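See structure below.
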Amino acid sequence: MDIETYTLILGALLFAIGTAGVMLRRNAIIMFLCIELMLNSVNLTLVVFSRSLGIEAQVFVFFVMAVAAAEAAVGLAIIIAIFRHYELVDVDRFNLLKW
Amino acid sequence: MVNFLESVLRVAQHAEAGFQPVLPGLILLLPLVGFLINGLGAFMWRDNKRVPSIVGPLAIIGAFAVVVANFLAMRGAMPHDPAVVSLWTWMAVGDLSIGVDLQFDQLSILMMLVVTGVSSVIHVYSIGYMREDPGYSRYFSYLNLFVFFMLILVMGANFPIMFVGWEGVGLCSYLLIGFWYENREFASAGKKAFIVNRIGDFGFLVAMFMIFTHFGTLNFVQVFAAAPETLVFSGGVATLITLLLFLGATGKSAQIPLHVWLPDAMAGPTPVSALIHAATMVTAGVYLVARAGVLFAMAPVSQAVVASVGAGTALFAATIATQQFDIKKVLAYSTVSQLGYMFLAVGVGAFTAGVFHLMTHAFFKALLFLGSGAVIHAMHGALHKVHRHDDPNDMRNYGGLKNVMPITWATMWVGTVAIAGIFPFAGFFSKDEIIWSAGSYGYAVLWVVSILAAVLTAAYMTRLMVLTFHGENRTGGDARPHLREVPAVMWVPLAILAVLSVVGGWLQIPAALPLLPAVDSLHHWLEPVMEPARRVMMEHGFHQAHASPLGGGEAVWAISSTVMALIVVLLTFRALVRRRYRPAAESEAPTGFAGILYNKWYVDELYDRLIIRPLLALWRGCWRIVDAGLIDGTLNTMASGTRMVGWMGSLFQTGRVAGYMFWFVTGVVLILALLLL
C-alpha cells in the first residue's frame, strides 16, 4: 500500500473518531473539537485526492478552513455565553428551544 | 330619471290620440314625497305632529285629485286600448326588456280611484286615531309608502312592475302590522304575514317565468293580445300559469289555504287594517285575476279552482266570524269571506262583478273597520283614564254603546246593512250579482255555498252590532263614564264612507229588477278591458243562463236574497239583544262546535303539526346529520389526522443533541449506501 492509501485510512479514522465524539460526548467544548476534527479529516482527504485529481481540491480545503474559522468564532462565542448563564456546558441540559 | 321628470311635468306622448294621461308620474310622486318627508320626520322631528298631519293626508288627496282628472279625461275619450306611459327602461338583457311602464285603462283608473280615495279618507281618520302615538311620523311615512306601492301595483303595465308593487305593499303590510314592534306577539304577526305571502309570491314568480318563456314578453298588452293564439285552450301551460298566478293571489288575498295571516294582521293599528287588510292590498289578488282575465279564460280548470276556492273561503271564513269576540277578528274573517266572493266572481268569469264587489267592499269594509277603530279608540281612552287593563278589542266588554257613540253606531249600521246585502245598499247590488253569476254560469254547488255564506254574513254582522252597541253596557265599572264619541276628524271619514256604502252600488243596477232604472255604467266602463276575456269564454261555449239552477230569474233571486238577509238580521237581532253576555274577564271560552269555530277550525294548529313541525324536525335532522355529522365530521377528522402526524413528528424533537446527531449520521450513512450500492 502506498502513502496515499494510508493517509486516506487516517482521514477516515479521524472522521469516525470525530463523529463518535459528537454523538457520545456531552461537553460542548469537546463536541466542538470533534466537529473540527471531522472538518480537518475531510481536508486531509481532499489534499490526498488533489495529488491524483488536480489542484481544484485544494481550493476546497481553503474554503473549509475559512468556514471552520468563522464557525469556531461564532460557536465559541455561543458556548461562552451559555457558560456565563448556566455555568455549565452540558448540551443535554440546553433543551428549552426544543419546539 | 330625465324621462321620469319629463313625464311629471308634461303629458306623456306615447298615449294614443283621444286619451292623454294627465300628469301620470305625479300620481306616484306625491305619495313618495310624502313618505320621504314623513320618513325624515321620524328621525328629525319625532315629536312634531303638525308636519305629518299635513303632509301625509295632503300627499294622498293630491294624488286622488290627479287620478280624478285622469278619470274624467278617460271618461270623455273612452279609448278602446290602454294607454301605456313609458318612464324609463328598467332592465334590458338579451331578449328581455322591462320598462318602467304605467298602464292607464278603465280597470287601472278604477283601482286608482278606489285606492287613493279610500286612502285619503283613512289618512284623515288616522290624524285622530294615532294622535297620542309616539311613532306618529313613522306611521304616516309607512302609510304614504304603502299608497305609493299600491299605485305601482295597479298602474304597472307589465308583470315585473306589478310585482314590485306587489312586494312593496307586502313590505308595508309587514311594517304596519308590526308597527308596535315592542310587543313580541305583534311583531311575529308581521313576520307571519310576510312569510305566508312569500309562499304565494313564489307562485307569482314562477308564473312570470313561464309567461316569459311562452310569450317572450311580460307586457300586459302584448301578452293578453297574444294569449288566445299562443296558448292552447285548456292546455297544460295555460292551466299551470293561471294556477301559479292564483297561488300568488291566495297569498296576497288571504284565501284558503293561505288565509291564516290576515286575522293575525289585526295586530296593526285599526286604520291600517281598514286600508291595507280590508280595502286595498288584500284585493290585489282579485285585481290580478281580473287583469289576467284572458289567461284565466283560456284555462277553464283554473277558473273552476278559483271559483271553488273563493266560494269555499267565503263560507269557511263566515263560519269562523260568527264565534269571534275580538271585534277586529270578526271583521278580519268577514274580509276573508268577502274576498272569497270576489274570487268566486272572477272565477266563474264575471270579472266585472268581482271588481264591482271589490269596490263596494272597499267602501263598507273600510267603514266597518274605521267604526270598530272608533269604538276601540273610545274604549282605550276610557280604560286608560282609570288604569284598567281590560281588552279594548273584546266585544264582551262593550254593549250599549249606541247611547254614547250615536254617530259611530249609525254609520256602522249602514256598513252592516251594506255588507249583509240589503236593498238599496251597495253590498246588495255587488254581492247579488256575484251570486247570480255563480248560479247562471252553471256552478250550482258554489251558488248554494255563496247563499249560505250570505246568510252567515248577515248573522255575524248583526251579532257584532248587538254585542257592541245594544243591550247593557259591560265596560268595567268606573271606566263607563269616560266613554266618549270620537272627534270630528274621525267621524267625518265614517260619514263619507257611509254615503259611499249606500250610493256605491248604484253604479250597476241589473235590468231585471222591477221598478228600478237599469244602470250599466260599470259594465260599460270596464267593457274595453274585460271584453277579450269574455270573447274567449264565449268562443269556447260558455254562456250565461237566464235562470238559476233551481229555476227562477234574476229578479226573483235578487228580491228573495234581500228579503232573506233582512229576515236573518232581524232574527239575529231579536235573538241576541235579550241575551246576557258577561265581560271578557268573567267569561269562559266557548266549547263544543262553537269552540271549534272560536278556534278557527284549528287551521293554525293543523299547519303547525303538518307543516311547521315536520319541517323543523327535517331541518334539525339536516343540522345534526348533514351539518354536524357529515361536514363537521370530515373537517374535524382531517384536522385531527394532521395533528396526529404532527405529534408523531414531534417525537423526534427530543431536545438532545446526541439524538439529532444519531439520526443525522444514520441519514447520511443511508444516503451514501443508496448512492454507492
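To be explicit about the labels: the chains of the C-alpha cells are called A, B, and onward in the order shown, and within each one the residues are counted from 1, while ligands get numbers from 1 in the order they are shown.
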
Contact set, chain A to chain B: 12 Å, only C-alpha atoms, as a PyMOL selection string: chain A and resi 15-16+18-28+31+35+90-99

Pick out the residues sitting within 12 Å of Ser41 of chain A, and hand them over as a PyMOL selection string; count only C-alpha atoms, and ignore anything fewer than 3 positions along from it in its own chain. chain A and resi 7-19+34-38+44-48+61+64-65

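Shortest atom-to-atom contact with Pro406 of chain B among B:Ala518, B:Val33, B:Val375, B:Leu344: B:Val375, counting only C-alpha atoms.
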
Enumerate, as a tab-separated table (two decimals) with N, CA and C atoms, in the first residue's frame, the complete set of residues in segment 418-520 of chain B that a backbone-based DSSP assignment places in strand (DSSP E or B).
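File written: result_5.tsv
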chain	number	residue	atom	x	y	z
B	508	GLN	N	-124.35	50.03	-10.83
B	508	GLN	CA	-124.66	48.85	-11.62
B	508	GLN	C	-125.96	48.26	-11.09
B	509	ILE	N	-127.07	48.57	-11.77
B	509	ILE	CA	-128.37	48.04	-11.34
B	509	ILE	C	-128.87	47.14	-12.46
B	519	VAL	N	-129.08	50.48	-14.69
B	519	VAL	CA	-127.84	51.22	-14.81
B	519	VAL	C	-126.75	50.23	-15.16
B	520	ASP	N	-125.99	50.55	-16.16
B	520	ASP	CA	-124.98	49.60	-16.63
B	520	ASP	C	-123.62	50.28	-16.71

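DSSP on the backbone gives helix (DSSP H, G or I) for these parts of segment 517-559 of chain B: B:Ser521, B:Leu522, B:His523, B:His524, B:Trp525, B:Leu526, B:Glu527, B:Pro528, B:Val529, B:Met530, B:Glu531, B:Pro532, B:Ala533, B:Arg534, B:Arg535, B:Val536, B:Met537, B:Met538, B:Glu539, B:Glu554, B:Ala555, B:Val556, B:Trp557, B:Ala558, B:Ile559.
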
May I have the residues within 10 Å of Ser188 of chain B as a PDB file with N, CA and C atoms, in the first residue's frame, using only C-alpha atoms and disregarding those fewer than 5 positions away in the same chain?
ATOM      1  N   TYR B 174     -96.158  44.364   6.345  1.00  0.00           N
ATOM      2  CA  TYR B 174     -95.313  43.830   7.426  1.00  0.00           C
ATOM      3  C   TYR B 174     -94.932  44.935   8.417  1.00  0.00           C
ATOM      4  N   ILE B 177     -98.181  46.005  10.356  1.00  0.00           N
ATOM      5  CA  ILE B 177     -98.714  45.013  11.307  1.00  0.00           C
ATOM      6  C   ILE B 177     -97.847  45.027  12.556  1.00  0.00           C
ATOM      7  N   GLY B 178     -96.529  45.068  12.315  1.00  0.00           N
ATOM      8  CA  GLY B 178     -95.622  45.098  13.461  1.00  0.00           C
ATOM      9  C   GLY B 178     -95.294  46.523  13.873  1.00  0.00           C
ATOM     10  N   TYR B 181     -93.784  47.366  17.507  1.00  0.00           N
ATOM     11  CA  TYR B 181     -92.889  46.210  17.494  1.00  0.00           C
ATOM     12  C   TYR B 181     -92.353  45.851  18.870  1.00  0.00           C
ATOM     13  N   ASN B 183     -94.143  44.952  21.181  1.00  0.00           N
ATOM     14  CA  ASN B 183     -94.939  43.787  21.551  1.00  0.00           C
ATOM     15  C   ASN B 183     -94.517  42.612  20.673  1.00  0.00           C
ATOM     16  N   ALA B 193     -97.350  37.281   8.405  1.00  0.00           N
ATOM     17  CA  ALA B 193     -97.932  37.810   7.172  1.00  0.00           C
ATOM     18  C   ALA B 193     -96.899  37.777   6.058  1.00  0.00           C
ATOM     19  N   PHE B 194     -95.696  38.193   6.369  1.00  0.00           N
ATOM     20  CA  PHE B 194     -94.653  38.283   5.350  1.00  0.00           C
ATOM     21  C   PHE B 194     -94.296  36.898   4.811  1.00  0.00           C
ATOM     22  N   ASP B 264    -104.386  37.455  11.956  1.00  0.00           N
ATOM     23  CA  ASP B 264    -103.301  37.885  12.842  1.00  0.00           C
ATOM     24  C   ASP B 264    -102.829  39.293  12.506  1.00  0.00           C
ATOM     25  N   ALA B 265    -103.057  39.692  11.252  1.00  0.00           N
ATOM     26  CA  ALA B 265    -102.609  41.022  10.824  1.00  0.00           C
ATOM     27  C   ALA B 265    -103.358  42.121  11.556  1.00  0.00           C
ATOM     28  N   ALA B 267    -103.124  42.871  14.362  1.00  0.00           N
ATOM     29  CA  ALA B 267    -102.269  43.435  15.406  1.00  0.00           C
ATOM     30  C   ALA B 267    -101.899  44.880  15.099  1.00  0.00           C
TER      31      ALA B 267
END

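Distance annotation: of B:Trp506, B:Phe140, B:Tyr341, B:Trp525, the residue with the minimal separation from Pro424 of chain B is B:Trp506; atom set is only C-alpha atoms.
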
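Between atom CA of Ala157 of chain B and atom CA of Ala207 of chain B there is a distance of 16.4 Å.
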
Need the shell around Ser53 of chain B: protein/DNA/RNA residues with any atom at most 12 Å away, counting only C-alpha atoms. Skip same-chain ones fewer than 5 positions apart. Format as a ChimeraX atom specification? /B:34,37-38,41,47-48,58-60,123-131,136-141,144,489
